[in-house]
Amino acid sequence: MIGSIVSFSFMAVAGRWLAEGYDTFEIMLYRSITGILIVFAVAGSLGTLKQVTRASAPVQIIRNLFHFAGQNLWFFSITVIPLAQVFALEFTSPIWILLLSPLFLGERLTRPRVFAAILGFIGVLIVTRPGATPISMGVVTAALAALCFAFTGILTKRLTRTESLTCILAYLTVTQAVFGLICAGYDGDIALPTAESAPLLGLVGLAGLIAHFCLTKALSIAPATVVMPIDFVRLPMIAVVGMLVFGEVLDPWVFVGAILIFAGNYYNIWSETRKPQVSG
């Protein structure tokens, strides 16, 4: 989890620095190219490339459209609002998943899930404070990014029932490189890497892969009730980074709202783990 937290933070800082010379589509293009090189090199060395098939291609493409949209919205958000606010709104993604799961995964909307959603919604209101402060475009895009990540999570859950991690990551990196090339090149002008920007572009791609790998690995060896509180450390850490590196002001209301969002997520996970297991 430490690897995940540090990687997400590096990706946010590098993304903001890169925004001075690259748009979000260009950042996503180079991030995906880095991902392709890493994923196919590792899969080739492990002999798992044969697991990449066309059986799930339609679902993979739809999933990656949501992920591509979410990532672009996220990268835009970190350039226009404080990093802590972006991360706080990003934590609403699990709330969206539990609300959308009955529609797309056939799961029941239980009382704990409804309560968790209410807590999360109150947390969002505190973070954004509509009426007290203007709702900026960055807040809107960060919230939409969380919703896109929720759809990504739901479709990923469907894919993991039949597809391997290699297959999912291969489709992710390749399709997003194609999406990035189309969107970045629609105006006929793609900013090329320079000696100064190339390390940052590579860092964004590497950090993204490491962050998701570490988080997935952590969830595979420890309960979500243990992993999630550690993951929440991303918020105060990025708030301090934002203050030290970019001079951002620490907003106590962001932390209050984020704690409620976290509480809703954690309560839902805790209630799920308390359910009696049906023995076979």
# chains A, B, ... in the order shown; residues from 1 in each chain; ligands from 1
>>> residues_around(residues="A:Leu260", least_positions_apart="6", cutoff="12 Å", atoms="only C-alpha atoms", output="list of chain:residue names")
A:Ala88, A:Leu89, A:Phe91, A:Thr92, A:Ile95, A:Phe115, A:Ala116, A:Ala117, A:Ile118, A:Leu119, A:Gly120, A:Phe121, A:Ile122, A:Gly123, A:Val124, A:Leu125, A:Ile126, A:Val127, A:Phe232, A:Trp253, A:Val254, A:Tyr266, A:Tyr267
>>> select_by_dssp(residues="stretch 86-263 of chain A", states="helix (DSSP H, G or I)", output="PyMOL selection string")
chain A and resi 86-90+93-104+111-128+137-159+165-184+198-221+224-231+234-246+252-263
>>> write_last_selection(atoms="C-alpha atoms", output="short mmCIF file (atom, residue, chain, number, x, y, z; two decimals), in the first residue's frame")
data_model
loop_
_atom_site.label_atom_id
_atom_site.label_comp_id
_atom_site.auth_asym_id
_atom_site.auth_seq_id
_atom_site.Cartn_x
_atom_site.Cartn_y
_atom_site.Cartn_z
CA VAL A 86 -9.46 15.99 -6.30
CA PHE A 87 -8.44 13.01 -4.16
CA ALA A 88 -11.38 13.52 -1.78
CA LEU A 89 -13.88 13.46 -4.66
CA GLU A 90 -12.07 10.47 -6.17
CA SER A 93 -16.02 6.15 -6.72
CA PRO A 94 -16.80 3.14 -4.46
CA ILE A 95 -20.04 4.87 -3.41
CA TRP A 96 -21.08 5.10 -7.06
CA ILE A 97 -20.16 1.44 -7.56
CA LEU A 98 -22.43 0.24 -4.77
CA LEU A 99 -25.30 2.36 -6.12
CA LEU A 100 -24.81 1.18 -9.72
CA SER A 101 -24.07 -2.49 -8.95
CA PRO A 102 -27.77 -3.47 -8.71
CA LEU A 103 -28.29 -2.21 -12.27
CA PHE A 104 -25.17 -3.64 -13.89
CA ARG A 111 -29.58 -0.99 4.03
CA PRO A 112 -25.86 -0.65 4.85
CA ARG A 113 -25.18 0.30 1.23
CA VAL A 114 -27.89 2.96 1.28
CA PHE A 115 -26.53 4.33 4.56
CA ALA A 116 -23.00 4.34 3.11
CA ALA A 117 -24.24 6.22 0.05
CA ILE A 118 -25.97 8.83 2.22
CA LEU A 119 -22.79 9.39 4.26
CA GLY A 120 -20.79 9.70 1.05
CA PHE A 121 -23.27 12.18 -0.43
CA ILE A 122 -23.12 14.34 2.72
CA GLY A 123 -19.32 14.20 2.49
CA VAL A 124 -19.43 15.42 -1.12
CA LEU A 125 -21.66 18.34 -0.11
CA ILE A 126 -19.16 19.32 2.58
CA VAL A 127 -16.19 19.07 0.21
CA THR A 128 -17.89 21.11 -2.53
CA MET A 137 -15.23 23.34 -13.43
CA GLY A 138 -12.49 21.40 -11.64
CA VAL A 139 -14.92 20.18 -9.00
CA VAL A 140 -17.37 19.07 -11.70
CA THR A 141 -14.70 17.23 -13.68
CA ALA A 142 -13.31 15.56 -10.54
CA ALA A 143 -16.80 14.32 -9.62
CA LEU A 144 -17.38 13.07 -13.18
CA ALA A 145 -13.98 11.34 -13.08
CA ALA A 146 -15.08 9.42 -9.97
CA LEU A 147 -18.28 8.37 -11.76
CA CYS A 148 -16.27 7.18 -14.78
CA PHE A 149 -13.95 5.24 -12.47
CA ALA A 150 -17.02 3.61 -10.92
CA PHE A 151 -18.19 2.33 -14.32
CA THR A 152 -14.63 1.18 -14.96
CA GLY A 153 -14.66 -0.73 -11.68
CA ILE A 154 -18.00 -2.38 -12.43
CA LEU A 155 -16.89 -3.52 -15.87
CA THR A 156 -13.55 -4.67 -14.48
CA LYS A 157 -15.40 -6.83 -11.97
CA ARG A 158 -17.32 -8.40 -14.85
CA LEU A 159 -14.16 -9.00 -16.85
CA LEU A 165 -4.95 -9.59 -15.53
CA THR A 166 -2.64 -9.70 -18.56
CA CYS A 167 -5.59 -9.59 -20.94
CA ILE A 168 -7.23 -6.67 -19.10
CA LEU A 169 -4.01 -4.63 -18.89
CA ALA A 170 -3.09 -5.31 -22.54
CA TYR A 171 -6.46 -4.04 -23.74
CA LEU A 172 -6.23 -1.11 -21.32
CA THR A 173 -2.88 0.17 -22.54
CA VAL A 174 -3.43 -0.44 -26.26
CA THR A 175 -6.96 0.97 -26.53
CA GLN A 176 -6.09 4.02 -24.46
CA ALA A 177 -3.05 4.69 -26.63
CA VAL A 178 -5.36 4.63 -29.66
CA PHE A 179 -7.91 6.91 -27.93
CA GLY A 180 -5.10 9.24 -26.87
CA LEU A 181 -3.62 9.38 -30.37
CA ILE A 182 -7.01 10.20 -31.91
CA CYS A 183 -7.91 12.89 -29.35
CA ALA A 184 -4.42 14.42 -29.14
CA ALA A 198 10.36 12.69 -21.12
CA PRO A 199 11.24 11.56 -17.55
CA LEU A 200 7.99 13.05 -16.22
CA LEU A 201 5.93 11.42 -18.98
CA GLY A 202 7.59 8.09 -18.22
CA LEU A 203 6.99 8.63 -14.50
CA VAL A 204 3.25 9.17 -15.06
CA GLY A 205 2.97 5.91 -16.99
CA LEU A 206 5.12 3.89 -14.59
CA ALA A 207 3.51 5.34 -11.46
CA GLY A 208 0.01 4.59 -12.74
CA LEU A 209 0.84 0.93 -13.35
CA ILE A 210 2.69 0.52 -10.05
CA ALA A 211 -0.12 2.18 -8.10
CA HIS A 212 -2.82 -0.12 -9.48
CA PHE A 213 -0.59 -3.21 -9.17
CA CYS A 214 0.25 -2.42 -5.52
CA LEU A 215 -3.38 -1.74 -4.65
CA THR A 216 -4.54 -4.96 -6.32
CA LYS A 217 -1.77 -6.94 -4.61
CA ALA A 218 -2.62 -5.42 -1.23
CA LEU A 219 -6.27 -6.40 -1.63
CA SER A 220 -5.22 -9.94 -2.56
CA ILE A 221 -3.24 -10.48 0.65
CA ALA A 224 -10.35 -4.50 2.37
CA THR A 225 -11.09 -3.34 5.94
CA VAL A 226 -7.32 -3.23 6.50
CA VAL A 227 -6.28 -1.91 3.08
CA MET A 228 -8.81 0.91 2.77
CA PRO A 229 -7.78 2.92 5.87
CA ILE A 230 -4.17 2.79 4.63
CA ASP A 231 -5.26 3.92 1.16
CA ARG A 234 -3.31 9.38 0.25
CA LEU A 235 -5.50 12.36 1.14
CA PRO A 236 -3.47 13.98 3.95
CA MET A 237 -0.25 13.06 2.13
CA ILE A 238 -1.28 14.75 -1.13
CA ALA A 239 -2.60 17.74 0.85
CA VAL A 240 0.84 18.23 2.40
CA VAL A 241 2.52 17.71 -1.00
CA GLY A 242 0.19 20.28 -2.56
CA MET A 243 1.02 22.76 0.20
CA LEU A 244 4.79 22.27 0.00
CA VAL A 245 5.18 21.97 -3.78
CA PHE A 246 2.38 24.18 -5.13
CA PRO A 252 -10.27 21.70 6.83
CA TRP A 253 -13.69 21.23 5.19
CA VAL A 254 -12.14 18.99 2.53
CA PHE A 255 -10.87 16.72 5.32
CA VAL A 256 -14.21 16.73 7.14
CA GLY A 257 -16.08 15.77 3.98
CA ALA A 258 -13.47 13.19 3.01
CA ILE A 259 -13.74 11.53 6.42
CA LEU A 260 -17.49 11.11 5.90
CA ILE A 261 -16.91 9.71 2.39
CA PHE A 262 -14.36 7.30 3.84
CA ALA A 263 -16.71 6.38 6.71
#
>>> residues_around(residues="stretch 20-25 of chain A", least_positions_apart="3", cutoff="12 Å", atoms="only C-alpha atoms", output="JSON, numbers by chain")
{"A": [14, 15, 16, 17, 28, 29, 30, 31, 32, 68, 69, 70, 71, 72, 73, 74, 75, 76, 77, 78, 79, 80, 176, 177, 178, 179, 180, 181, 182, 183, 184, 185, 186, 187, 189, 190, 191, 192, 193, 194, 196, 197, 198, 200, 201, 204]}
>>> write_last_selection(atoms="N, CA and C atoms", output="CSV table (one decimal), in the first residue's frame")
chain,number,residue,atom,x,y,z
A,14,ALA,N,3.6,15.0,-11.1
A,14,ALA,CA,4.1,15.0,-12.5
A,14,ALA,C,3.1,15.4,-13.5
A,15,GLY,N,1.8,15.0,-13.3
A,15,GLY,CA,0.7,15.4,-14.2
A,15,GLY,C,0.5,16.9,-14.2
A,16,ARG,N,0.6,17.5,-13.0
A,16,ARG,CA,0.4,19.0,-12.9
A,16,ARG,C,1.6,19.7,-13.6
A,17,TRP,N,2.8,19.3,-13.4
A,17,TRP,CA,3.9,19.9,-14.0
A,17,TRP,C,3.9,19.8,-15.5
A,28,MET,N,-2.1,11.3,-21.6
A,28,MET,CA,-2.7,10.0,-21.6
A,28,MET,C,-2.0,9.2,-22.7
A,29,LEU,N,-1.7,9.8,-23.9
A,29,LEU,CA,-1.1,9.1,-25.0
A,29,LEU,C,0.3,8.5,-24.6
A,30,TYR,N,1.1,9.4,-24.0
A,30,TYR,CA,2.4,8.9,-23.6
A,30,TYR,C,2.4,8.0,-22.4
A,31,ARG,N,1.4,8.2,-21.5
A,31,ARG,CA,1.3,7.3,-20.4
A,31,ARG,C,0.9,5.9,-20.9
A,32,SER,N,0.0,5.8,-21.9
A,32,SER,CA,-0.4,4.5,-22.4
A,32,SER,C,0.8,3.8,-23.2
A,68,PHE,N,-10.6,6.0,-19.9
A,68,PHE,CA,-9.9,7.0,-20.6
A,68,PHE,C,-10.6,8.4,-20.3
A,69,ALA,N,-11.9,8.4,-20.3
A,69,ALA,CA,-12.6,9.7,-19.9
A,69,ALA,C,-12.3,10.1,-18.5
A,70,GLY,N,-12.4,9.1,-17.6
A,70,GLY,CA,-12.1,9.4,-16.2
A,70,GLY,C,-10.7,9.9,-16.0
A,71,GLN,N,-9.7,9.3,-16.6
A,71,GLN,CA,-8.3,9.7,-16.4
A,71,GLN,C,-8.1,11.1,-17.0
A,72,ASN,N,-8.7,11.4,-18.1
A,72,ASN,CA,-8.5,12.8,-18.7
A,72,ASN,C,-9.2,13.8,-17.8
A,73,LEU,N,-10.4,13.5,-17.3
A,73,LEU,CA,-11.1,14.4,-16.4
A,73,LEU,C,-10.2,14.6,-15.1
A,74,TRP,N,-9.6,13.5,-14.6
A,74,TRP,CA,-8.8,13.5,-13.4
A,74,TRP,C,-7.6,14.4,-13.6
A,75,PHE,N,-6.9,14.2,-14.8
A,75,PHE,CA,-5.7,15.0,-15.0
A,75,PHE,C,-6.0,16.5,-15.2
A,76,PHE,N,-7.2,16.8,-15.8
A,76,PHE,CA,-7.6,18.2,-15.9
A,76,PHE,C,-7.9,18.7,-14.5
A,77,SER,N,-8.5,18.0,-13.7
A,77,SER,CA,-8.9,18.5,-12.4
A,77,SER,C,-7.7,18.8,-11.5
A,78,ILE,N,-6.6,18.0,-11.6
A,78,ILE,CA,-5.5,18.3,-10.7
A,78,ILE,C,-4.7,19.6,-11.2
A,79,THR,N,-5.1,20.1,-12.3
A,79,THR,CA,-4.4,21.3,-12.8
A,79,THR,C,-5.2,22.6,-12.4
A,80,VAL,N,-6.4,22.4,-12.0
A,80,VAL,CA,-7.3,23.6,-11.7
A,80,VAL,C,-7.8,23.7,-10.3
A,176,GLN,N,-6.2,2.6,-24.9
A,176,GLN,CA,-6.1,4.0,-24.5
A,176,GLN,C,-5.0,4.8,-25.2
A,177,ALA,N,-4.0,4.1,-25.7
A,177,ALA,CA,-3.1,4.7,-26.6
A,177,ALA,C,-3.7,5.1,-27.9
A,178,VAL,N,-4.6,4.3,-28.4
A,178,VAL,CA,-5.4,4.6,-29.7
A,178,VAL,C,-6.3,5.8,-29.4
A,179,PHE,N,-7.0,5.8,-28.3
A,179,PHE,CA,-7.9,6.9,-27.9
A,179,PHE,C,-7.1,8.2,-27.8
A,180,GLY,N,-5.9,8.1,-27.1
A,180,GLY,CA,-5.1,9.2,-26.9
A,180,GLY,C,-4.6,9.8,-28.2
A,181,LEU,N,-4.1,8.9,-29.1
A,181,LEU,CA,-3.6,9.4,-30.4
A,181,LEU,C,-4.7,10.1,-31.2
A,182,ILE,N,-5.9,9.6,-31.2
A,182,ILE,CA,-7.0,10.2,-31.9
A,182,ILE,C,-7.3,11.6,-31.3
A,183,CYS,N,-7.5,11.6,-30.0
A,183,CYS,CA,-7.9,12.9,-29.4
A,183,CYS,C,-6.8,13.9,-29.4
A,184,ALA,N,-5.5,13.5,-29.2
A,184,ALA,CA,-4.4,14.4,-29.1
A,184,ALA,C,-4.1,14.9,-30.5
A,185,GLY,N,-4.3,14.1,-31.5
A,185,GLY,CA,-4.0,14.4,-32.9
A,185,GLY,C,-5.1,15.0,-33.8
A,186,TYR,N,-6.2,15.2,-33.2
A,186,TYR,CA,-7.4,15.7,-34.0
A,186,TYR,C,-7.1,17.1,-34.6
A,187,ASP,N,-6.2,17.8,-34.0
A,187,ASP,CA,-5.9,19.2,-34.5
A,187,ASP,C,-4.6,19.1,-35.3
A,189,ASP,N,-1.6,18.5,-34.3
A,189,ASP,CA,-0.5,19.0,-33.5
A,189,ASP,C,-0.4,18.2,-32.2
A,190,ILE,N,0.7,17.3,-32.1
A,190,ILE,CA,0.9,16.6,-30.9
A,190,ILE,C,2.3,17.0,-30.4
A,191,ALA,N,2.3,17.5,-29.1
A,191,ALA,CA,3.6,18.0,-28.5
A,191,ALA,C,4.4,16.8,-28.3
A,192,LEU,N,5.6,16.8,-28.8
A,192,LEU,CA,6.6,15.7,-28.6
A,192,LEU,C,7.3,15.8,-27.3
A,193,PRO,N,7.8,14.6,-26.8
A,193,PRO,CA,8.6,14.7,-25.5
A,193,PRO,C,9.9,15.4,-25.8
A,194,THR,N,10.3,16.1,-24.7
A,194,THR,CA,11.6,16.8,-24.7
A,194,THR,C,12.5,16.1,-23.7
A,196,GLU,N,13.5,17.4,-21.1
A,196,GLU,CA,13.0,17.7,-19.7
A,196,GLU,C,11.7,17.0,-19.4
A,197,SER,N,10.8,16.8,-20.4
A,197,SER,CA,9.5,16.3,-20.1
A,197,SER,C,9.5,14.7,-20.2
A,198,ALA,N,10.4,14.1,-20.9
A,198,ALA,CA,10.4,12.7,-21.1
A,198,ALA,C,10.4,11.9,-19.8
A,200,LEU,N,9.3,12.9,-16.9
A,200,LEU,CA,8.0,13.1,-16.2
A,200,LEU,C,6.9,12.2,-16.9
A,201,LEU,N,6.9,12.2,-18.2
A,201,LEU,CA,5.9,11.4,-19.0
A,201,LEU,C,6.1,9.9,-18.7
A,204,VAL,N,4.7,9.3,-15.1
A,204,VAL,CA,3.2,9.2,-15.1
A,204,VAL,C,2.8,7.8,-15.5
>>> closest_residue(among="A:Ala55, A:Ala84, A:Val6, A:Val42", to="A:Val249", atoms="only C-alpha atoms")
A:Ala84
>>> atom_distance(atom1="atom CA of A:Ile269", atom2="atom CA of A:Glu107")
14.4 Å
>>> atom_distance(atom1="atom CA of A:Met11", atom2="atom CA of A:Asn268")
28.5 Å
